Number of protein chains: 2
Amino acid sequence: MTADADHFVDRLRREGASRYHNEHPFHVLMHEGRLTKEQLRQWVINRYYYQTRIPIKDALIVAKSEDPAFRRMWIHRVQDHDGTDESEGGIALWWQLADAVGVDRSELISCQRVLPGVRFACDAYVNFVRDASLLEAVASSLTEFFVPGILQQRIAAWEKHYPWVRQEGLSYFRSRVSRAQRDSTQAIRFVTTNAHSAELQDLCVAALIRKTDILWCLLDAIHLKYVWNAEP
Amino acid sequence: MTADADHFVDRLRREGASRYHNEHPFHVLMHEGRLTKEQLRQWVINRYYYQTRIPIKDALIVAKSEDPAFRRMWIHRVQDHDGTDESEGGIALWWQLADAVGVDRSELISCQRVLPGVRFACDAYVNFVRDASLLEAVASSLTEFFVPGILQQRIAAWEKHYPWVRQEGLSYFRSRVSRAQRDSTQAIRFVTTNAHSAELQDLCVAALIRKTDILWCLLDAIHLKYVWNAEP
């Protein structure tokens, strides 16, 4: 990469890292082992709605590209979540997580207990991707930079603090570590190749910030309902 | 299928067949062996733009579905055209067709000689799919009912009338016969299962008619420019 590209990547990492939801109070409680079973279950139920949006927003990104090579690269993201049959893929692994924390699977899948604020934030992500340029849509995925870090922290925290969660429940988190590394490498290569002006780089940074806002708001809604409002 | 579903499928087949572009004057000339080399080349160049829209509209259809099972079923259509590497898939087979009729591949890929009317019709298809319901978008794909028939006719006609086209150029047409059968079977099952009111059935028929209009207009633009305007 050129010096300019290096500088741009540093900027993306810095702007993203400073807003990433690993610092959200709800994640802090989660990783310190201070969530109740019910709070953890509500996180699984609400975050599931975000999970169901991923293949949809990724198919929208595929549809934005005129380049078969890009589409071949990106389409595996849809398949990573949907799987090649009902028993595998990221969505099926989230069902397994729900089983492991004691959430009824059909209740999870119905999404009926998803909080309005969670729904609005996740839908805002899909709408952003639908309306944005391909470059901005790809840039918004760059929160994946930070996924391996938060997931390694999460796996360790859950093993230590929530031993009542069955081990196979953590398979989704484990599976995402290497995939997020591969995905963010592909995305950063696309973004640095295509954001060839200061204006385009600014749009990419703004897209990434928008995405961190979405992830943050999702946790705000859960925190407000199940932490603040639950306190006596 | 129920009697109502049978009746609905008959209606779709009838409305589609009566408007399908196998009867378009340009296809009649093509299949009677009356096109010049230049006219056949222009068809390859212009129809290519339609081919490039297929994975885009299919990715949009994938993004419309909330059902991982549907998305798993439909996503293979994107991959049928894009392939798993640059050397295969429907788009690569069209490049092979261009080679076989003597069209420069980079000129084909540039789409610079695509006629405005062709572009408008193809873009209208993508826009329709983007804005329509999932049900209507799937119904618009049902022109695939008629693809095996027209392709068998085309392959026989090209072998007989255009022996200067190298055989490997026909691989795309050959590959589509069985795939169109599989695809239309999947689509008709979805449409008959989900169009469970007279109003929804009407929307499906209208979507299919819209699609036949798009295919017809594409050929109108080619016919006007390269048949009518070419006559002395």
# chains A, B, ... in the order shown; residues from 1 in each chain; ligands from 1
>>> interface_residues(of="chain B", to="chain A", cutoff="10 Å", atoms="only C-alpha atoms", output="number ranges by chain")
B: 52-73, 75, 78-79, 81-86, 89, 91-92, 126, 130
>>> write_last_selection(atoms="C-alpha atoms", output="PDB file, in the first residue's frame")
ATOM      1  CA  THR B  52     -24.777  -8.792 -16.931  1.00  0.00           C
ATOM      2  CA  ARG B  53     -27.999  -7.707 -15.200  1.00  0.00           C
ATOM      3  CA  ILE B  54     -29.021 -11.257 -14.252  1.00  0.00           C
ATOM      4  CA  PRO B  55     -26.738 -11.782 -11.217  1.00  0.00           C
ATOM      5  CA  ILE B  56     -27.580  -8.260 -10.028  1.00  0.00           C
ATOM      6  CA  LYS B  57     -31.346  -8.819 -10.157  1.00  0.00           C
ATOM      7  CA  ASP B  58     -30.933 -12.259  -8.584  1.00  0.00           C
ATOM      8  CA  ALA B  59     -28.874 -10.835  -5.707  1.00  0.00           C
ATOM      9  CA  LEU B  60     -31.675  -8.285  -5.204  1.00  0.00           C
ATOM     10  CA  ILE B  61     -34.169 -11.153  -5.032  1.00  0.00           C
ATOM     11  CA  VAL B  62     -31.974 -12.934  -2.461  1.00  0.00           C
ATOM     12  CA  ALA B  63     -31.930  -9.713  -0.399  1.00  0.00           C
ATOM     13  CA  LYS B  64     -35.744  -9.538  -0.460  1.00  0.00           C
ATOM     14  CA  SER B  65     -36.245 -12.822   1.331  1.00  0.00           C
ATOM     15  CA  GLU B  66     -36.406 -13.287   5.095  1.00  0.00           C
ATOM     16  CA  ASP B  67     -36.060 -17.062   4.654  1.00  0.00           C
ATOM     17  CA  PRO B  68     -32.578 -18.630   4.662  1.00  0.00           C
ATOM     18  CA  ALA B  69     -33.966 -21.691   2.814  1.00  0.00           C
ATOM     19  CA  PHE B  70     -35.255 -19.502  -0.017  1.00  0.00           C
ATOM     20  CA  ARG B  71     -31.964 -17.595  -0.148  1.00  0.00           C
ATOM     21  CA  ARG B  72     -29.996 -20.863  -0.303  1.00  0.00           C
ATOM     22  CA  MET B  73     -32.191 -21.955  -3.222  1.00  0.00           C
ATOM     23  CA  ILE B  75     -28.275 -17.801  -4.597  1.00  0.00           C
ATOM     24  CA  VAL B  78     -26.031 -15.608  -9.009  1.00  0.00           C
ATOM     25  CA  GLN B  79     -23.296 -18.209  -8.998  1.00  0.00           C
ATOM     26  CA  HIS B  81     -23.744 -16.544 -13.968  1.00  0.00           C
ATOM     27  CA  ASP B  82     -20.703 -15.340 -12.052  1.00  0.00           C
ATOM     28  CA  GLY B  83     -19.121 -18.774 -11.664  1.00  0.00           C
ATOM     29  CA  THR B  84     -16.696 -19.730  -8.942  1.00  0.00           C
ATOM     30  CA  ASP B  85     -13.754 -18.359 -10.897  1.00  0.00           C
ATOM     31  CA  GLU B  86     -13.234 -16.116 -13.895  1.00  0.00           C
ATOM     32  CA  GLY B  89     -20.188 -19.338 -15.238  1.00  0.00           C
ATOM     33  CA  ILE B  91     -20.982 -14.576 -18.153  1.00  0.00           C
ATOM     34  CA  ALA B  92     -17.710 -16.318 -19.084  1.00  0.00           C
ATOM     35  CA  VAL B 126     -33.492  -4.473 -12.401  1.00  0.00           C
ATOM     36  CA  ARG B 130     -35.664  -3.775  -6.775  1.00  0.00           C
TER      37      ARG B 130
END
>>> residues_around(residues="A:Val28", least_positions_apart="6", cutoff="12 Å", atoms="only C-alpha atoms", output="count of residues only")
10
>>> atom_distance(atom1="atom CA of B:Asp80", atom2="atom CA of A:Arg182")
24.1 Å
>>> atom_distance(atom1="atom CA of A:Leu134", atom2="atom CA of A:Ala207")
11.0 Å
>>> residues_around(residues="stretch 193-206 of chain B", least_positions_apart="6", cutoff="9 Å", atoms="only C-alpha atoms", output="MDAnalysis selection string")
chainID B and resid 5 8 11:12 15:16 135:140
>>> residues_around(residues="A:Arg13", least_positions_apart="2", cutoff="12 Å", atoms="only C-alpha atoms", output="JSON list (two decimals) with C-alpha atoms, in the first residue's frame")
[["chain", "number", "residue", "atom", "x", "y", "z"],
["A", 6, "ASP", "CA", -1.53, 3.45, 5.07],
["A", 7, "HIS", "CA", -2.63, 6.76, 6.52],
["A", 8, "PHE", "CA", -6.23, 6.10, 5.40],
["A", 9, "VAL", "CA", -6.26, 2.64, 6.99],
["A", 10, "ASP", "CA", -4.85, 4.09, 10.22],
["A", 11, "ARG", "CA", -7.61, 6.69, 10.20],
["A", 15, "GLU", "CA", -12.12, 6.30, 14.11],
["A", 16, "GLY", "CA", -13.68, 2.84, 14.28],
["A", 17, "ALA", "CA", -11.82, 1.67, 17.39],
["A", 18, "SER", "CA", -12.74, 4.77, 19.39],
["A", 19, "ARG", "CA", -16.45, 4.14, 18.78],
["A", 20, "TYR", "CA", -16.57, 0.35, 18.69],
["A", 139, "ALA", "CA", -16.64, 0.61, 4.24],
["A", 142, "LEU", "CA", -15.11, -2.53, 8.40],
["A", 143, "THR", "CA", -16.20, -2.91, 12.00],
["A", 144, "GLU", "CA", -15.00, -6.46, 11.23],
["A", 145, "PHE", "CA", -11.50, -5.14, 11.87],
["A", 146, "PHE", "CA", -12.36, -5.29, 15.54],
["A", 184, "SER", "CA", -12.00, -7.40, 6.77],
["A", 188, "ILE", "CA", -9.96, -3.06, 3.34],
["A", 204, "CYS", "CA", -15.77, 5.75, 3.94],
["A", 205, "VAL", "CA", -14.90, 7.05, 7.40],
["A", 208, "LEU", "CA", -17.80, 3.24, 9.30],
["A", 209, "ILE", "CA", -18.84, 5.72, 12.00],
["A", 212, "THR", "CA", -20.49, 1.92, 14.89]]
>>> residues_around(residues="B:Gly169", least_positions_apart="3", cutoff="8 Å", atoms="only C-alpha atoms", output="list in words")
Leu93, Trp94, Gln96, Leu97, Ala98, Asp99, Ala100, Val101, Val165, Arg166 and Tyr172 of chain B
>>> select_by_dssp(residues="stretch 50-92 of chain A", states="alpha helix (DSSP H)", output="count of residues only")
33
>>> closest_residue(among="B:Gln167, B:Gln181, B:Asn46, B:Gln152", to="B:Ser110", atoms="only C-alpha atoms")
B:Asn46
>>> residues_around(residues="A:Val147", least_positions_apart="4", cutoff="7 Å", atoms="only C-alpha atoms", output="VMD selection string")
chain A and resid 143 151 177 180
>>> closest_residue(among="A:Ile222, A:Met30, A:Ala156, A:Val129", to="A:Phe173", atoms="only C-alpha atoms")
A:Ala156
